[in-house]
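Chemist: My structure is stored as final-v1.tsv, with TSV, C-alpha atoms and all ligand atoms.
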```tsv
chain	number	residue	atom	x	y	z
A	1	MET	CA	106.85	79.93	97.43
A	2	THR	CA	109.54	79.77	100.08
A	3	PHE	CA	113.14	80.86	99.78
A	4	PRO	CA	116.27	79.82	101.71
A	5	ILE	CA	116.62	83.25	103.29
A	6	GLN	CA	113.57	84.30	105.31
A	7	LYS	CA	113.22	87.60	107.16
A	8	THR	CA	110.30	89.64	108.36
A	9	ASP	CA	109.50	92.95	106.70
A	10	ALA	CA	110.96	94.77	109.69
A	11	GLN	CA	114.18	92.80	109.42
A	12	TRP	CA	114.47	93.56	105.70
A	13	LEU	CA	113.95	97.24	106.43
A	14	ASP	CA	116.81	97.12	108.91
A	15	THR	CA	119.02	95.20	106.50
A	16	LEU	CA	118.45	97.64	103.66
A	17	GLN	CA	118.94	100.68	105.85
A	18	ALA	CA	122.15	99.23	107.24
A	19	LYS	CA	123.43	98.75	103.69
A	20	GLY	CA	122.58	102.29	102.71
A	21	ALA	CA	120.18	101.08	100.02
A	22	GLU	CA	118.03	103.56	98.17
A	23	PRO	CA	114.87	104.53	100.09
A	24	VAL	CA	112.72	102.91	97.41
A	25	ALA	CA	114.60	99.61	97.68
A	26	TYR	CA	112.33	98.21	100.38
A	27	GLN	CA	109.12	98.85	98.44
A	28	VAL	CA	110.67	97.49	95.25
A	29	THR	CA	112.21	94.33	96.62
A	30	ARG	CA	109.63	93.33	99.23
A	31	HIS	CA	106.45	94.73	97.70
A	32	ALA	CA	107.17	94.55	93.96
A	33	ALA	CA	107.07	98.28	93.36
A	34	THR	CA	108.77	99.66	90.25
A	35	GLU	CA	111.15	102.59	90.32
A	36	ARG	CA	110.46	105.36	87.82
A	37	PRO	CA	112.22	104.86	84.48
A	38	PHE	CA	115.47	106.72	83.81
A	39	THR	CA	115.91	107.40	87.52
A	40	GLY	CA	117.85	104.35	88.69
A	41	LYS	CA	121.51	104.69	89.51
A	42	TYR	CA	122.51	101.73	87.33
A	43	GLU	CA	120.50	102.59	84.24
A	44	GLN	CA	123.56	104.16	82.60
A	45	HIS	CA	126.24	102.41	84.62
A	46	TRP	CA	128.81	100.51	82.55
A	47	ALA	CA	131.72	99.77	84.85
A	48	PRO	CA	133.06	96.19	84.82
A	49	GLY	CA	131.98	94.06	87.74
A	50	SER	CA	128.94	92.17	88.92
A	51	TYR	CA	125.46	92.95	90.15
A	52	HIS	CA	124.14	91.39	93.34
A	53	CYS	CA	120.82	91.22	95.17
A	54	ILE	CA	120.55	94.32	97.38
A	55	CYS	CA	118.80	92.26	100.06
A	56	CYS	CA	120.96	89.14	100.47
A	57	GLY	CA	124.05	89.77	98.35
A	58	ALA	CA	123.58	86.83	95.99
A	59	LYS	CA	125.25	87.40	92.62
A	60	LEU	CA	122.71	87.91	89.83
A	61	PHE	CA	124.45	89.30	86.74
A	62	ASP	CA	127.84	89.97	85.21
A	63	SER	CA	128.37	93.46	83.88
A	64	ASP	CA	129.25	92.12	80.43
A	65	THR	CA	125.68	90.88	79.98
A	66	LYS	CA	124.30	94.39	80.56
A	67	PHE	CA	123.05	96.28	77.54
A	68	ASP	CA	121.26	99.52	76.81
A	69	ALA	CA	117.65	98.59	76.05
A	70	GLY	CA	116.57	102.23	76.05
A	71	CYS	CA	113.67	101.35	78.34
A	72	GLY	CA	114.85	103.36	81.34
A	73	TRP	CA	115.89	100.45	83.55
A	74	PRO	CA	119.13	98.49	83.73
A	75	SER	CA	118.81	95.54	81.36
A	76	PHE	CA	120.72	92.27	81.07
A	77	TYR	CA	120.47	89.44	78.57
A	78	GLN	CA	121.68	86.67	80.87
A	79	ALA	CA	121.44	85.92	84.58
A	80	ASP	CA	123.75	83.75	86.64
A	81	PRO	CA	122.51	80.15	86.46
A	82	GLY	CA	119.94	79.53	89.18
A	83	ALA	CA	120.24	83.03	90.61
A	84	ILE	CA	116.78	84.13	89.52
A	85	THR	CA	113.39	82.50	89.93
A	86	GLU	CA	110.63	83.34	87.46
A	87	ILE	CA	106.99	83.79	88.52
A	88	VAL	CA	104.02	84.44	86.26
A	89	ASP	CA	102.72	87.91	87.08
A	90	ARG	CA	99.11	88.66	86.08
A	91	SER	CA	98.92	92.12	87.69
A	92	HIS	CA	98.09	95.31	85.81
A	93	HIS	CA	95.96	93.37	83.30
A	94	MET	CA	99.05	91.90	81.70
A	95	VAL	CA	100.77	88.56	81.77
A	96	ARG	CA	104.42	89.11	82.46
A	97	THR	CA	107.21	87.06	83.96
A	98	GLU	CA	108.33	88.45	87.28
A	99	THR	CA	111.90	87.80	88.39
A	100	VAL	CA	112.83	87.33	92.02
A	101	CYS	CA	116.06	86.44	93.81
A	102	SER	CA	116.25	82.66	94.25
A	103	GLN	CA	117.85	83.08	97.66
A	104	CYS	CA	115.61	85.60	99.37
A	105	GLY	CA	112.65	86.20	97.08
A	106	ALA	CA	113.44	89.88	96.50
A	107	HIS	CA	111.49	91.36	93.60
A	108	LEU	CA	113.97	92.38	90.92
A	109	GLY	CA	111.91	93.22	87.86
A	110	HIS	CA	110.60	91.29	84.87
A	111	VAL	CA	112.07	89.28	82.02
A	112	PHE	CA	110.91	89.71	78.43
A	113	GLU	CA	111.66	87.76	75.29
A	114	ASP	CA	112.78	90.70	73.17
A	115	GLY	CA	116.43	90.85	74.20
A	116	PRO	CA	119.58	90.48	72.11
A	117	LEU	CA	121.35	87.29	71.17
A	118	PRO	CA	122.56	84.87	72.34
A	119	THR	CA	119.67	84.46	74.78
A	120	GLY	CA	116.97	86.69	73.28
A	121	LEU	CA	116.06	87.65	76.83
A	122	ARG	CA	115.81	91.07	78.43
A	123	TYR	CA	116.01	91.10	82.20
A	124	CYS	CA	114.49	94.49	82.98
A	125	MET	CA	115.66	95.26	86.50
A	126	ASN	CA	115.15	97.94	89.12
A	127	SER	CA	118.41	99.64	90.07
A	128	ALA	CA	117.14	99.72	93.63
A	129	SER	CA	117.14	95.90	93.70
A	130	LEU	CA	120.78	95.69	92.67
A	131	ASP	CA	124.10	96.21	94.40
A	132	PHE	CA	127.11	96.66	92.13
A	133	HIS	CA	130.46	95.14	93.05
A	134	GLY	CA	133.56	96.20	91.17
A	135	PRO	CA	136.14	93.63	90.05
A	136	ASP	CA	138.32	94.32	93.09
A	137	SER	CA	135.57	93.49	95.57
A	138	SER	CA	134.64	89.95	94.57
A	139	THR	CA	134.27	89.06	98.21
A	140	ALA	CA	131.89	91.29	100.08
A	141	ALA	CA	133.88	94.32	101.11
A	142	PRO	CA	133.71	95.19	104.78
A	143	ALA	CA	131.76	98.35	105.36
A	144	THR	CA	134.42	99.79	107.59
A	145	PHE	CA	138.18	99.72	107.28
A	146	GLU	CA	139.36	100.65	110.71
A	147	ASP	CA	143.08	100.90	111.15
A	148	SER	CA	143.81	98.94	107.98
A	149	THR	CA	147.12	100.72	107.46
A	150	GLY	CA	150.13	99.29	109.14
A	151	ALA	CA	148.67	96.12	110.58
A	152	SER	CA	148.88	94.11	107.38
A	153	ASN	CA	152.40	95.32	106.62
A	154	ALA	CA	153.86	94.25	109.93
A	155	THR	CA	155.20	90.97	108.62
A	156	ASP	CA	155.91	92.05	105.05
A	157	GLY	CA	159.39	93.27	105.78
A	158	ASP	CA	158.99	96.37	103.71
A	159	ASP	CA	162.42	97.65	104.59
A	160	SER	CA	164.34	94.42	104.00
A	161	GLY	CA	165.13	95.31	100.42
A	162	ASN	CA	166.70	98.61	101.23
B	201	ZN	ZN	118.37	88.05	97.40
```
Show me this structure written as structure tokens.

Modeler:
Amino acid sequence: MTFPIQKTDAQWLDTLQAKGAEPVAYQVTRHAATERPFTGKYEQHWAPGSYHCICCGAKLFDSDTKFDAGCGWPSFYQADPGAITEIVDRSHHMVRTETVCSQCGAHLGHVFEDGPLPTGLRYCMNSASLDFHGPDSSTAAPATFEDSTGASNATDGDDSGN
């Protein structure tokens, strides 16, 4: 299976390190490892916003589809349309449905059919595969804000009203 975004393992390592991703993120997203349950930073994270692929930034979930499945990993009942590609996973002597990012192929977790209505699905995700964006950062926030004070106010005429 090929995905629109292709990078070598070394390039993904660089990308994840540059983003400050969790150390386990590379093994999870590129080699389908699973983080230990109840350890992920988003397992009990309920702020409003959206969850994106840690590798390529594609939006995957809205926070209002997140629910507490009690399984130790962040769980969602609905993904953004087309954001996730499902692959039959026959590892570990089980048949499960693996979920990967449709843009870059990053391993995200698995999807099970024991979730809540309206979908009945449970997207069981690794926190390390996700990057949370708050509602005020709908466009990717620059990593550095150098000299952001002053410059944008130059033409606002702050003092005109006084
Ligand atoms: Zn991705």

Chemist: Which residues are near ligand ZN 201 (chain B) - at most 7 Å, using only C-alpha atoms and all ligand atoms? Format: as a ChimeraX atom specification.

Modeler: /A:53-58,101-106

Chemist: Using C-alpha atoms, can you write the selected residues to a file as a compact mmCIF listing (two decimals), in the coordinates of the input?

Modeler:
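Result file result_24.txt:
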```
# COMPACT_ATOMS: atom_id res chain seq x y z
CA CYS A 53 120.82 91.22 95.17
CA ILE A 54 120.55 94.32 97.38
CA CYS A 55 118.80 92.26 100.06
CA CYS A 56 120.96 89.14 100.47
CA GLY A 57 124.05 89.77 98.35
CA ALA A 58 123.58 86.83 95.99
CA CYS A 101 116.06 86.44 93.81
CA SER A 102 116.25 82.66 94.25
CA GLN A 103 117.85 83.08 97.66
CA CYS A 104 115.61 85.60 99.37
CA GLY A 105 112.65 86.20 97.08
CA ALA A 106 113.44 89.88 96.50
```

Chemist: Would you mind reading off the distance between atom CA of A:Pro135 and atom CA of A:Asp64, one decimal, in Å?

Modeler: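 It comes out at 11.9 Å.
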
Chemist: Out of A:Ala18, A:Leu60, A:Val95, A:Asp68, which residue has the shortest atom-to-atom distance to A:Ala83 when counting only C-alpha atoms?

Modeler: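 Ranked by minimum distance to A:Ala83, first place goes to A:Leu60.
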
Chemist: Residues at most 12 Å from stretch 34-46 of chain A, counting all atoms listed in the file, excluding those fewer than 6 positions away in the same chain, as a count of residues only?

Modeler: 39

Chemist: In Å to one decimal, how far is atom CA of A:Val111 from atom CA of A:Ile87?

Modeler: 9.9 Å

Chemist: Quick check, in Å to one decimal: how far apart do atom CA of A:Thr99 and atom CA of A:Ile84 lie?

Modeler: 6.2 Å

Chemist: Return the single residue from A:Lys59, A:Ala32, A:Leu16, A:Thr119 that is closest to A:Ser91, with distances computed using all atoms listed in the file.

Modeler: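 Checking each candidate against A:Ser91, we get A:Ala32 as the closest.
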
Chemist: Taking all atoms listed in the file into account, name the residue in A:Ile5, A:Val100, A:Leu117, A:Ala47 that is nearest to A:His31.

Modeler: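 Residue with the minimum atom-to-atom distance to A:His31: A:Val100.
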
Chemist: Counting only C-alpha atoms, which of A:Gln6, A:His93, A:Gly82, A:Gly49 gets nearest to A:Arg30?

Modeler: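 When distances to A:Arg30 are compared using only C-alpha atoms, the smallest one comes from A:Gln6.
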